[in-house]
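To be precise, the following lines are structure.txt, and they hold compact mmCIF, C-alpha atoms.
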```
# COMPACT_ATOMS: atom_id res chain seq x y z
CA MET A 226 -20.60 -23.10 -17.54
CA LYS A 227 -23.48 -23.59 -15.14
CA ARG A 228 -21.24 -24.59 -12.22
CA THR A 229 -20.23 -20.97 -11.57
CA ALA A 230 -23.70 -20.59 -10.04
CA GLU A 231 -22.65 -23.15 -7.42
CA LEU A 232 -19.82 -21.01 -6.01
CA ILE A 233 -20.20 -20.30 -2.29
CA LEU A 234 -17.18 -18.50 -0.86
CA TYR A 235 -16.20 -16.86 -4.15
CA ARG A 236 -19.68 -15.97 -5.33
CA ASN A 237 -20.21 -12.73 -7.30
CA PRO A 238 -16.66 -11.29 -7.30
CA ALA A 239 -16.34 -7.52 -7.69
CA GLU A 240 -14.71 -7.78 -11.14
CA GLY A 241 -16.78 -10.76 -12.25
CA ARG A 242 -18.35 -9.50 -15.50
CA ILE A 243 -15.68 -11.23 -17.63
CA LEU A 244 -16.28 -14.43 -15.68
CA LYS A 245 -20.02 -14.27 -16.41
CA LYS A 246 -19.44 -13.74 -20.13
CA MET A 247 -16.87 -16.53 -20.35
CA ALA A 248 -19.12 -18.89 -18.38
CA TRP A 249 -21.86 -18.27 -20.96
CA ILE A 250 -19.38 -18.95 -23.79
CA MET A 251 -18.29 -22.23 -22.19
CA GLU A 252 -21.89 -23.30 -21.81
CA HIS A 253 -22.87 -22.53 -25.45
CA ASP A 254 -19.62 -23.02 -27.39
CA GLN A 255 -21.05 -26.03 -29.28
CA GLU A 256 -24.24 -24.34 -30.46
CA GLU A 257 -24.26 -23.01 -34.03
CA LYS A 258 -27.33 -20.86 -33.42
CA HIS A 259 -25.34 -18.73 -30.99
CA LEU A 260 -22.34 -18.27 -33.26
CA GLU A 261 -22.68 -14.49 -33.64
CA LYS A 262 -23.20 -13.94 -29.92
CA LEU A 263 -20.30 -16.25 -29.15
CA ARG A 264 -18.09 -14.19 -31.41
CA ASN A 265 -19.17 -10.87 -29.84
CA GLN A 266 -18.90 -12.15 -26.29
CA PHE A 267 -15.45 -13.60 -26.80
CA TYR A 268 -13.97 -10.51 -28.43
CA GLU A 269 -15.46 -8.33 -25.71
CA CYS A 270 -13.77 -10.58 -23.15
CA ALA A 271 -10.50 -10.49 -25.08
CA HIS A 272 -10.61 -6.67 -25.11
CA GLU A 273 -11.20 -6.50 -21.35
CA LEU A 274 -8.53 -9.09 -20.57
CA ILE A 275 -5.89 -7.28 -22.60
CA ASP A 276 -6.86 -4.02 -20.91
CA LEU A 277 -6.49 -5.78 -17.55
CA ALA A 278 -3.05 -7.07 -18.59
CA GLY A 279 -1.94 -3.56 -19.49
CA THR A 280 -3.17 -2.12 -16.20
CA TYR A 281 -1.70 -4.80 -13.93
CA GLY A 282 1.26 -6.00 -16.00
CA PHE A 283 0.06 -9.59 -16.45
CA GLU A 284 1.50 -11.93 -19.08
CA GLY A 285 1.14 -15.49 -20.33
CA ASN A 286 -2.36 -17.00 -20.44
CA LEU A 287 -4.60 -13.98 -19.81
CA TRP A 288 -7.60 -16.15 -18.93
CA HIS A 289 -5.60 -17.82 -16.18
CA ALA A 290 -4.19 -14.44 -15.05
CA TYR A 291 -7.71 -13.05 -14.77
CA LEU A 292 -8.98 -15.98 -12.70
CA THR A 293 -5.97 -15.62 -10.41
CA TYR A 294 -6.63 -11.89 -10.12
CA LEU A 295 -10.17 -12.66 -8.91
CA LEU A 296 -8.90 -15.12 -6.32
CA VAL A 297 -6.18 -12.92 -4.83
CA ASN A 298 -8.55 -9.97 -4.49
CA TYR A 299 -11.64 -11.73 -3.12
CA GLU A 300 -12.01 -10.93 0.58
CA ASN A 301 -14.13 -13.64 2.17
CA VAL A 302 -14.11 -15.60 5.39
CA PHE A 303 -11.68 -18.19 3.99
CA SER A 304 -9.14 -15.85 2.37
CA MET A 305 -9.12 -13.48 5.37
CA SER A 306 -8.73 -16.41 7.77
CA CYS A 307 -5.61 -17.48 5.86
CA GLU A 308 -3.96 -14.05 6.18
CA MET A 309 -0.64 -14.34 7.92
CA ARG A 310 -1.41 -17.71 9.56
CA GLU A 311 -1.94 -21.41 8.91
CA LEU A 312 -5.58 -22.49 8.59
CA GLY A 313 -6.30 -25.99 9.86
CA ASP A 314 -8.79 -28.46 8.41
CA GLY A 315 -12.49 -27.86 8.98
CA SER A 316 -15.68 -26.65 7.31
CA LEU A 317 -14.01 -23.57 5.81
CA MET A 318 -11.39 -25.72 4.13
CA ASP A 319 -14.11 -28.05 2.79
CA LEU A 320 -16.01 -25.10 1.33
CA ALA A 321 -12.81 -23.82 -0.24
CA ARG A 322 -12.20 -27.22 -1.84
CA HIS A 323 -15.73 -27.08 -3.29
CA ASP A 324 -15.18 -23.66 -4.87
CA PHE A 325 -11.65 -24.37 -6.03
CA GLU A 326 -12.82 -27.53 -7.82
CA ILE A 327 -15.04 -25.26 -9.92
CA PHE A 328 -12.15 -22.88 -10.52
CA ARG A 329 -10.00 -25.80 -11.64
CA GLU A 330 -12.60 -26.51 -14.33
CA LEU A 331 -12.47 -22.86 -15.39
CA PHE A 332 -8.67 -23.01 -15.57
CA SER A 333 -8.75 -26.19 -17.68
CA TYR A 334 -11.11 -24.86 -20.38
CA ASP A 335 -9.73 -25.75 -23.81
CA PHE A 336 -9.97 -22.83 -26.23
CA ARG A 337 -9.12 -24.90 -29.34
CA ALA A 338 -12.72 -25.82 -30.18
CA LEU A 339 -13.82 -22.21 -29.79
CA GLU A 340 -10.93 -21.00 -31.93
CA GLU A 341 -11.92 -23.40 -34.71
CA LYS A 342 -15.58 -22.37 -34.52
CA LEU A 343 -14.82 -18.62 -34.57
CA ARG A 344 -11.94 -18.98 -37.02
CA GLY A 345 -10.06 -16.57 -34.80
CA ARG A 346 -6.47 -15.52 -35.32
CA ILE A 347 -5.72 -13.91 -31.98
CA PHE A 348 -5.89 -16.95 -29.74
CA GLU A 349 -2.13 -17.46 -29.66
CA GLU A 350 -1.59 -13.88 -28.44
CA PHE A 351 -4.49 -14.18 -26.03
CA LEU A 352 -3.12 -17.39 -24.45
CA ASN A 353 0.58 -16.45 -24.63
CA TYR A 354 0.52 -12.72 -24.05
CA ARG A 355 3.90 -11.00 -24.00
CA ARG A 356 4.21 -7.99 -21.75
CA ALA A 357 5.66 -4.84 -23.32
CA GLY A 358 8.57 -3.82 -21.09
CA ASP A 359 8.04 -3.41 -17.36
CA ALA A 360 4.31 -2.75 -17.65
CA GLY A 361 1.80 -2.44 -14.85
CA ARG A 362 0.65 0.66 -13.01
CA VAL A 363 -1.07 -0.82 -9.96
CA TYR A 364 0.96 -3.51 -8.20
CA SER A 365 4.61 -3.46 -7.22
CA ARG A 366 6.86 -5.61 -9.39
CA VAL A 367 7.19 -8.22 -6.63
CA VAL A 368 3.42 -8.61 -6.24
CA ARG A 369 2.80 -8.58 -10.00
CA ASP A 370 5.37 -11.29 -10.65
CA ARG A 371 4.09 -13.37 -7.73
CA ILE A 372 0.53 -13.25 -9.14
CA CYS A 373 1.83 -14.38 -12.55
CA GLN A 374 3.74 -17.21 -10.86
CA LEU A 375 0.61 -18.20 -8.91
CA SER A 376 -1.37 -18.23 -12.16
CA ARG A 377 1.00 -20.84 -13.58
CA GLN A 378 0.90 -22.84 -10.34
CA LEU A 379 -2.90 -22.99 -10.34
CA ALA A 380 -3.07 -23.90 -14.02
CA GLY A 381 -0.67 -26.78 -13.39
CA ALA A 382 -2.29 -28.01 -10.16
CA GLU A 383 -2.72 -31.76 -10.52
CA ASP A 384 -5.60 -31.93 -8.04
CA THR A 385 -7.84 -29.73 -5.90
CA GLU A 386 -5.69 -30.22 -2.80
CA THR A 387 -2.67 -28.75 -4.61
CA PHE A 388 -4.83 -25.84 -5.78
CA VAL A 389 -6.07 -25.17 -2.22
CA ARG A 390 -2.54 -25.28 -0.81
CA ALA A 391 -1.23 -22.82 -3.43
CA MET A 392 -3.98 -20.32 -2.61
CA ALA A 393 -3.60 -20.71 1.16
CA ASP A 394 0.17 -20.19 0.85
CA PHE A 395 -0.35 -17.03 -1.19
CA TYR A 396 -2.87 -15.59 1.29
CA ARG A 397 -0.53 -16.33 4.18
CA GLU A 398 2.44 -14.76 2.37
CA PHE A 399 0.77 -11.66 0.90
CA GLY A 400 -2.74 -11.48 2.35
CA VAL A 401 -5.81 -10.78 0.24
CA GLY A 402 -7.43 -7.82 -1.46
CA LYS A 403 -6.17 -4.26 -1.34
CA PHE A 404 -4.65 -4.54 2.15
CA GLY A 405 -2.73 -7.65 1.18
CA LEU A 406 -1.42 -6.48 -2.19
CA HIS A 407 -0.55 -2.84 -1.45
CA LYS A 408 1.74 -1.14 1.04
CA ALA A 409 0.14 2.25 1.46
CA PHE A 410 -3.22 3.96 1.19
CA ARG A 411 -4.89 7.36 1.18
CA ILE A 412 -8.38 8.42 2.22
CA GLU A 413 -11.18 9.63 -0.03
CA HIS A 414 -14.28 11.00 1.68
CA LYS A 415 -17.50 9.81 0.08
CA LYS A 416 -21.19 9.94 0.99
CA GLY A 417 -21.08 6.53 2.59
CA GLY A 418 -18.00 7.41 4.65
CA ALA A 419 -14.25 6.97 4.22
CA ASP A 420 -12.90 5.01 1.28
CA ILE A 421 -9.40 3.59 1.80
CA VAL A 422 -7.72 3.77 -1.61
CA PRO A 423 -4.39 2.06 -2.50
CA ILE A 424 -1.39 4.20 -3.46
CA SER A 425 0.18 2.43 -6.40
CA ARG A 426 3.57 4.15 -6.56
CA ILE A 427 5.68 4.29 -3.39
CA ALA A 428 9.15 5.83 -3.29
CA ASP A 429 11.73 3.06 -2.92
CA VAL A 430 13.36 4.69 0.12
CA ARG A 431 15.46 2.60 2.50
CA LEU A 432 16.49 3.63 5.99
CA GLU A 433 20.07 3.01 4.92
CA ASP A 434 19.65 5.76 2.31
CA LEU A 435 19.31 8.37 5.07
CA VAL A 436 22.86 9.40 5.96
CA GLY A 437 23.39 10.04 9.66
CA TYR A 438 20.65 10.29 12.31
CA GLU A 439 21.54 6.81 13.55
CA ASN A 440 20.12 7.31 17.05
CA ALA A 441 16.87 8.73 15.70
CA LYS A 442 16.49 5.88 13.20
CA GLN A 443 17.24 3.26 15.86
CA LYS A 444 14.55 4.68 18.15
CA LEU A 445 12.05 4.53 15.28
CA ILE A 446 13.09 0.99 14.35
CA GLU A 447 12.75 -0.29 17.91
CA ASN A 448 9.24 1.10 18.31
CA THR A 449 8.12 -0.22 14.92
CA GLU A 450 9.63 -3.68 15.46
CA ALA A 451 7.79 -3.97 18.77
CA PHE A 452 4.58 -3.03 16.97
CA VAL A 453 4.86 -5.50 14.07
CA GLN A 454 5.85 -8.29 16.46
CA GLY A 455 2.71 -7.75 18.53
CA ARG A 456 4.44 -6.22 21.56
CA HIS A 457 3.54 -2.94 23.26
CA ALA A 458 4.45 0.13 21.18
CA ASN A 459 3.75 3.85 21.23
CA ASN A 460 2.37 6.48 18.90
CA CYS A 461 5.37 8.29 17.47
CA LEU A 462 6.13 11.94 16.64
CA LEU A 463 9.12 12.84 14.47
CA PHE A 464 9.85 16.56 14.82
CA GLY A 465 12.62 18.95 13.92
CA ASP A 466 13.99 21.10 11.14
CA ALA A 467 12.68 20.95 7.59
CA GLY A 468 14.41 18.66 5.12
CA THR A 469 16.11 16.46 7.71
CA GLY A 470 14.61 13.13 6.67
CA LYS A 471 11.54 12.72 8.87
CA SER A 472 9.19 11.74 6.03
CA SER A 473 11.91 9.66 4.36
CA SER A 474 12.37 7.70 7.58
CA ILE A 475 8.65 6.88 7.66
CA LYS A 476 8.80 5.64 4.05
CA GLY A 477 11.89 3.59 4.89
CA ILE A 478 10.07 1.99 7.83
CA LEU A 479 7.18 1.02 5.54
CA ASN A 480 9.48 -0.54 2.94
CA ARG A 481 11.42 -2.46 5.59
CA TYR A 482 8.46 -3.97 7.45
CA TYR A 483 5.88 -4.41 4.68
CA GLY A 484 6.84 -8.07 4.38
CA GLN A 485 6.05 -8.53 8.09
CA GLY A 486 2.49 -7.26 7.69
CA LEU A 487 2.96 -3.50 8.11
CA ARG A 488 0.64 -1.22 6.13
CA MET A 489 0.39 2.58 6.14
CA ILE A 490 -2.59 4.92 5.66
CA GLU A 491 -1.87 8.57 4.93
CA LEU A 492 -4.29 11.00 6.57
CA TYR A 493 -4.46 14.81 6.55
CA LYS A 494 -5.88 16.97 9.30
CA HIS A 495 -8.95 17.97 7.26
CA GLN A 496 -9.81 14.25 7.18
CA PHE A 497 -9.93 13.72 10.95
CA GLN A 498 -13.71 13.38 10.66
CA ASP A 499 -13.06 10.05 8.89
CA LEU A 500 -10.60 8.69 11.44
CA ASN A 501 -13.09 6.58 13.39
CA ASP A 502 -14.47 5.14 10.15
CA VAL A 503 -10.95 4.27 8.94
CA ILE A 504 -10.12 2.53 12.23
CA ALA A 505 -13.39 0.58 12.09
CA GLN A 506 -12.43 -0.77 8.63
CA ILE A 507 -8.97 -1.99 9.65
CA LYS A 508 -9.25 -3.05 13.29
CA ASN A 509 -10.15 -6.68 12.57
CA ARG A 510 -7.58 -7.31 9.82
CA ASN A 511 -4.45 -9.37 10.38
CA TYR A 512 -2.11 -6.52 9.52
CA ARG A 513 -0.43 -3.80 11.52
CA PHE A 514 -1.51 -0.33 10.39
CA ILE A 515 0.32 2.95 10.89
CA ILE A 516 -1.90 5.98 10.32
CA TYR A 517 0.59 8.52 8.99
CA MET A 518 0.14 12.28 9.35
CA ASP A 519 2.80 14.27 7.52
CA ASP A 520 3.72 17.84 8.45
CA LEU A 521 1.18 17.93 11.28
CA SER A 522 0.68 21.30 12.94
CA PHE A 523 -2.17 23.55 13.98
CA GLU A 524 -2.77 27.27 14.11
CA GLU A 525 -4.54 28.74 17.14
CA PHE A 526 -7.88 28.96 15.35
CA GLU A 527 -7.79 25.30 14.20
CA ILE A 528 -9.58 23.04 16.68
CA GLU A 529 -9.30 19.71 14.84
CA TYR A 530 -6.52 18.73 17.27
CA LYS A 531 -9.12 18.29 20.01
CA TYR A 532 -10.82 15.61 17.95
CA LEU A 533 -7.49 13.91 17.28
CA LYS A 534 -6.71 13.88 21.01
CA ALA A 535 -9.91 11.99 21.76
CA VAL A 536 -9.30 9.41 19.03
CA ILE A 537 -5.68 8.77 20.03
CA GLU A 538 -6.38 8.47 23.73
CA GLY A 539 -9.29 9.68 25.77
CA GLY A 540 -12.46 8.38 24.11
CA LEU A 541 -14.47 5.51 25.52
CA GLU A 542 -13.52 3.11 22.71
CA LYS A 543 -10.04 1.68 23.05
CA LYS A 544 -7.74 2.13 20.08
CA PRO A 545 -7.17 -1.27 18.40
CA GLU A 546 -3.87 -3.01 19.09
CA ASN A 547 -3.11 -3.22 15.36
CA VAL A 548 -3.21 0.57 14.87
CA LEU A 549 -0.60 3.23 15.71
CA ILE A 550 -0.31 6.88 14.72
CA TYR A 551 2.98 8.25 13.37
CA ALA A 552 3.27 11.97 12.63
CA THR A 553 5.97 14.33 11.40
CA SER A 554 6.12 18.02 12.21
CA ASN A 555 8.48 20.96 12.17
CA ARG A 556 6.97 21.97 15.54
CA ARG A 557 7.81 20.19 18.77
CA HIS A 558 4.45 21.01 20.36
CA LEU A 559 2.32 20.83 17.18
CA ILE A 560 0.10 23.81 18.11
CA ARG A 561 1.31 27.38 17.65
CA GLU A 562 2.28 28.98 20.92
CA ARG A 563 2.66 32.69 21.65
CA PHE A 564 4.57 34.71 24.23
CA SER A 565 1.17 36.09 25.20
CA ASP A 566 0.20 32.62 26.43
CA ASN A 567 2.58 33.16 29.34
CA GLU A 568 1.23 36.64 29.95
CA GLU A 569 -2.34 35.30 30.01
CA ARG A 570 -1.45 32.81 32.73
CA ASP A 571 -1.70 35.65 35.27
CA GLN A 572 -5.25 36.35 34.12
CA ASP A 573 -6.47 32.73 34.16
CA ILE A 574 -8.46 31.65 37.17
CA HIS A 575 -6.61 28.32 36.95
CA THR A 576 -3.02 29.03 35.95
CA ASN A 577 -1.31 26.90 33.29
CA ASP A 578 -4.61 25.90 31.63
CA THR A 579 -3.82 27.68 28.37
CA VAL A 580 -0.37 26.15 28.07
CA GLN A 581 -1.45 22.67 29.20
CA GLU A 582 -4.26 22.60 26.64
CA LYS A 583 -1.75 23.27 23.88
CA LEU A 584 0.69 20.66 25.15
CA SER A 585 -1.94 17.96 25.64
CA LEU A 586 -1.85 16.70 22.04
CA VAL A 587 1.88 16.04 21.91
CA MET A 588 1.59 14.16 25.22
CA ARG A 589 -0.47 11.54 23.37
CA PHE A 590 2.69 10.52 21.48
CA GLY A 591 4.68 8.17 23.71
CA VAL A 592 7.79 8.37 21.52
CA THR A 593 9.15 11.70 20.26
CA ILE A 594 12.21 11.72 18.01
CA TYR A 595 14.21 14.83 17.12
CA PHE A 596 15.71 15.41 13.66
CA GLY A 597 17.99 18.45 13.78
CA ALA A 598 19.59 20.30 10.87
CA PRO A 599 23.17 19.12 10.18
CA ASP A 600 26.15 21.34 10.81
CA LYS A 601 28.58 22.13 7.99
CA LYS A 602 30.68 18.99 8.51
CA GLN A 603 27.63 16.72 8.72
CA PHE A 604 26.21 18.32 5.58
CA GLN A 605 29.46 17.65 3.73
CA ASN A 606 29.47 14.03 4.93
CA ILE A 607 25.95 13.61 3.52
CA VAL A 608 27.05 15.07 0.17
CA LEU A 609 30.11 12.79 0.02
CA ALA A 610 28.07 9.69 0.88
CA LEU A 611 25.42 10.49 -1.75
CA ALA A 612 28.04 11.28 -4.38
CA ASP A 613 29.73 7.92 -3.72
CA ARG A 614 26.36 6.11 -3.90
CA TRP A 615 25.53 7.67 -7.28
CA GLY A 616 29.00 7.34 -8.80
CA ILE A 617 29.80 11.06 -9.03
CA THR A 618 33.55 11.36 -9.65
CA LEU A 619 34.22 15.07 -9.08
CA PRO A 620 37.35 15.70 -6.99
CA ARG A 621 36.49 16.01 -3.31
CA GLU A 622 37.51 19.68 -2.97
CA GLU A 623 35.53 20.71 -6.06
CA LEU A 624 32.50 18.69 -4.99
CA LEU A 625 32.39 20.27 -1.51
CA LEU A 626 33.00 23.76 -2.89
CA GLU A 627 30.06 23.40 -5.27
CA ALA A 628 27.92 21.90 -2.49
CA ASN A 629 28.64 24.90 -0.26
CA LYS A 630 27.65 27.29 -3.05
CA TRP A 631 24.47 25.31 -3.63
CA GLU A 632 23.30 25.30 -0.02
CA LEU A 633 23.84 29.06 0.30
CA ASN A 634 21.37 29.63 -2.53
CA HIS A 635 18.98 26.73 -1.98
CA GLY A 636 17.65 26.58 1.56
CA GLY A 637 20.69 26.11 3.79
CA LEU A 638 22.14 23.06 5.49
CA SER A 639 19.82 20.05 5.34
CA GLY A 640 19.68 16.53 3.98
CA ARG A 641 17.08 17.65 1.44
CA THR A 642 19.43 20.35 0.12
CA ALA A 643 22.19 17.74 -0.24
CA VAL A 644 19.88 15.43 -2.21
CA GLN A 645 18.79 18.31 -4.46
CA PHE A 646 22.45 19.19 -5.11
CA ILE A 647 23.28 15.59 -6.08
CA ASP A 648 20.18 15.48 -8.32
CA TYR A 649 21.44 18.66 -10.00
CA LEU A 650 24.84 17.10 -10.68
CA LEU A 651 23.25 13.93 -12.04
CA GLY A 652 21.04 16.02 -14.28
CA GLN A 653 24.10 17.62 -15.87
CA LYS A 654 25.34 14.25 -17.09
CA LYS A 655 24.61 13.68 -20.77
```
Before we go any further, please render this structure as structure tokens.
Amino acid sequence: MKRTAELILYRNPAEGRILKKMAWIMEHDQEEKHLEKLRNQFYECAHELIDLAGTYGFEGNLWHAYLTYLLVNYENVFSMSCEMRELGDGSLMDLARHDFEIFRELFSYDFRALEEKLRGRIFEEFLNYRRAGDAGRVYSRVVRDRICQLSRQLAGAEDTETFVRAMADFYREFGVGKFGLHKAFRIEHKKGGADIVPISRIADVRLEDLVGYENAKQKLIENTEAFVQGRHANNCLLFGDAGTGKSSSIKGILNRYYGQGLRMIELYKHQFQDLNDVIAQIKNRNYRFIIYMDDLSFEEFEIEYKYLKAVIEGGLEKKPENVLIYATSNRRHLIRERFSDNEERDQDIHTNDTVQEKLSLVMRFGVTIYFGAPDKKQFQNIVLALADRWGITLPREELLLEANKWELNHGGLSGRTAVQFIDYLLGQKK
């Protein structure tokens, strides 16, 4: 199909090799002299499409699913302009209509003539693919099912205007590309700089799952809601005892506000060299990004914290309004302090310099939230709430007795210990 060469906004998509092969097939499907090449090209395409379906969990007409996959992942001036907002009429919309008219022709290709020519027997499976179970390793179930629904919408679009509206609605609802279709990301350092890579499996943690800590959770919710709504918000440090739900709270925040445009990028302290590059890649997107640093702390000999200080607040370039930093730590002041620091104050020409230098990083976090270890009664309340949630029917006295034995041998009183105890009980069920 020669018209694919006329694409403007959606020209040369990243995963476009199948499109190029199928366009050649459509252009030469009536020519007997190309029969052998037609056969090879089609079965190569069929192989790649089925592989794509297995990876992403697509079903139905795999040709339509593939075309939809290209459209929802293609970051261009039109798709990115539609993110999270209504795009009015204008030149961009006219260019989109031009490209989507070509895509409508691709969607409407009739495979019956090709099937007859190739005497193929797989066309029914290829055009009505049935997914095996809950397949798909990349997208969440919600995103996967929405892409499949969009595929059917586009195939049934009665005109180009309907096609354009369906795509614009999808971009506004989910966004486009990796930032639109994924919640969370990690960083891979490469020669060309930082590569922001989607994390495909996110724990389905809800803030409601964390028993207790209501004041701490409310403080975190208020700061995050201000951020996603475009109001002033602060960098946030969650500190306190191990196993008290700091990391779980961050995951719960992501799951709650993902639908409102919140995305999260996980960064470790050895990757601080990439922080400016990461911010440069996300500062002009219509999402709100939390850069998440788990278990953040520094020994005396580690100086990376000085770089982090400058990036958070202190460098010439202002941190973008769509970026915040959330960190968790078992240390209130992040950097190891010694009793000798106080002794050295008498020897410093300028007193307090040593201590102030070590406190200066935590001062960059406008909101600090404490998560303390539960006492015995709070621990038992957590166990009872989790047991009720998971349908464990042990008598109360026996349950608490076993929980007390467990915590004595498995790390003491904490929410994590309670979860591990409940997991143990569930594992004993046959």
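Residues lying within 9 Å of Gly591 of chain A, counting all atoms listed in the file and ignoring same-chain neighbours fewer than 5 positions away, are Ala458, Asn459, Asn460, Cys461 and Leu462 of chain A.
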| field | Distance in Å - atom CA of Phe328 of chain A versus atom CA of Gly484 of chain A | value |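 So the two atoms, atom CA of Phe328 of chain A and atom CA of Gly484 of chain A, lie 28.3 Å apart.
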| field | Spatial neighbours of Arg377 of chain A, max dist 12 Å, all atoms listed in the file, sep filter under 4 positions, as a list in words | value |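 Surrounding residues, per the criterion: Phe283, Glu284, Gly285, Asn286, Leu287, Trp288, His289, Ala290, Tyr291, Leu292, Thr293, Phe332, Ser333, Asn353, Asp370, Arg371, Ile372, Cys373, Gly381, Ala382, Glu383, Phe388 and Ala391 of chain A.
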| Can you find the residues with an atom no farther than 9 Å from (18.1, 13.6, 18.1), counting only C-alpha atoms, and report them as a VMD selection string? | chain A and resid 438 to 441 465 594 to 597
| Looking at only C-alpha atoms, which of A:Tyr551, A:Tyr512, A:Tyr235, A:Tyr517 is the one that sits closest to Arg589 of chain A? | A:Tyr551
| said: I'd like the contact shell of Ile446 of chain A - 12 Å cut-off, only C-alpha atoms, skipping same-chain residues fewer than 2 positions apart - returned as a PyMOL selection string. | reply: chain A and resi 432-433+439-444+448-454+458-459+461+474-475+477-479+481-482+592+594
| query | In Å, how far is it from atom CA of Arg390 of chain A to atom CA of Asn237 of chain A? | reply |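 These atoms are spaced 22.6 Å apart.
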| Distance query segment 466-471 of chain A at most 7 Å, only C-alpha atoms, self and fewer than 4 positions along chain excluded, as a list in words |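 Once the nearby chain positions are removed, what remains is Leu435, Ile475, Thr553, Asn555, Phe596, Gly597, Ala598, Ser639, Gly640 and Arg641 of chain A.
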| field | Nearest to Leu379 of chain A, chosen from A:Leu625, A:Val297, A:Tyr364, A:Tyr281, with only C-alpha atoms counted in the distances | value |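 Comparing A:Leu625, A:Val297, A:Tyr364, A:Tyr281 against Leu379 of chain A, the winner is A:Val297.
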| request: Enter the distance from atom CA of Leu339 of chain A to atom CA of Asp276 of chain A, in Å, rounded to one decimal. | output: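 These atoms are spaced 21.4 Å apart.
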| said: When you count all atoms listed in the file, which of these residues is closest to Glu269 of chain A: A:Leu232, A:Val367, A:Ile250, A:Ile515? | reply: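 Of A:Leu232, A:Val367, A:Ile250, A:Ile515, the one nearest Glu269 of chain A is A:Ile250, counting all atoms listed in the file.
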| query | Which residue, A:Val422, A:Leu406, A:Cys270, A:Met392, has the smallest gap to Gly486 of chain A when you use all atoms listed in the file? | reply | A:Leu406
| Pick from A:Asn547, A:Asn265, A:Asn480, A:Thr229: nearest to Gln506 of chain A, with only C-alpha atoms counted? |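 Between A:Asn547, A:Asn265, A:Asn480, A:Thr229, the residue approaching Gln506 of chain A most closely is A:Asn547.
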| query | So which residues touch Asn501 of chain A within 12 Å, counting only C-alpha atoms, skipping near sequence neighbours fewer than 3 positions away, as a list in words? | reply | Gly418, Ala419, Leu492, Gln496, Phe497, Gln498, Ile504, Ala505, Gln506, Ile507, Lys508, Ile516, Tyr532, Leu533, Ala535, Val536, Ile537, Gly540, Glu542, Lys543, Lys544, Pro545 and Val548 of chain A
| Which of these residues is nearest to Val608 of chain A, using all atoms listed in the file: A:Tyr354, A:Trp631, A:Phe348, A:Tyr396? |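 Nearest to Val608 of chain A: A:Trp631.
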| message | Please return as a ChimeraX atom specification every residue within 10 Å of (23.0, 9.7, -2.7), taking into account only C-alpha atoms and the file's own coordinates. | response | /A:434-436,607-617,643-648
For segment 499-510 of chain A, which lacks atoms in the input, supply N, CA and C atoms and format the output as a short mmCIF file (atom, residue, chain, number, x, y, z; two decimals), in the coordinates of the input.
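Contents of result39.cif, as written:
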```cif
data_model
loop_
_atom_site.label_atom_id
_atom_site.label_comp_id
_atom_site.auth_asym_id
_atom_site.auth_seq_id
_atom_site.Cartn_x
_atom_site.Cartn_y
_atom_site.Cartn_z
N ASP A 499 -12.97 11.43 9.39
CA ASP A 499 -13.06 10.05 8.89
C ASP A 499 -12.24 9.07 9.71
N LEU A 500 -11.56 9.54 10.74
CA LEU A 500 -10.60 8.69 11.44
C LEU A 500 -11.27 7.49 12.10
N ASN A 501 -12.39 7.70 12.76
CA ASN A 501 -13.09 6.58 13.39
C ASN A 501 -13.56 5.55 12.36
N ASP A 502 -14.02 6.03 11.21
CA ASP A 502 -14.47 5.14 10.15
C ASP A 502 -13.29 4.32 9.61
N VAL A 503 -12.15 4.96 9.42
CA VAL A 503 -10.95 4.27 8.94
C VAL A 503 -10.55 3.17 9.93
N ILE A 504 -10.51 3.51 11.21
CA ILE A 504 -10.12 2.53 12.23
C ILE A 504 -11.09 1.36 12.26
N ALA A 505 -12.39 1.65 12.08
CA ALA A 505 -13.39 0.58 12.09
C ALA A 505 -13.16 -0.40 10.94
N GLN A 506 -12.65 0.09 9.79
CA GLN A 506 -12.43 -0.77 8.63
C GLN A 506 -11.19 -1.65 8.76
N ILE A 507 -10.25 -1.26 9.59
CA ILE A 507 -8.97 -1.99 9.65
C ILE A 507 -8.74 -2.73 10.96
N LYS A 508 -9.57 -2.52 11.96
CA LYS A 508 -9.25 -3.05 13.29
C LYS A 508 -9.31 -4.56 13.38
N ASN A 509 -10.04 -5.22 12.49
CA ASN A 509 -10.15 -6.68 12.57
C ASN A 509 -9.33 -7.41 11.50
N ARG A 510 -8.44 -6.68 10.83
CA ARG A 510 -7.58 -7.31 9.82
C ARG A 510 -6.28 -7.78 10.46
#
```
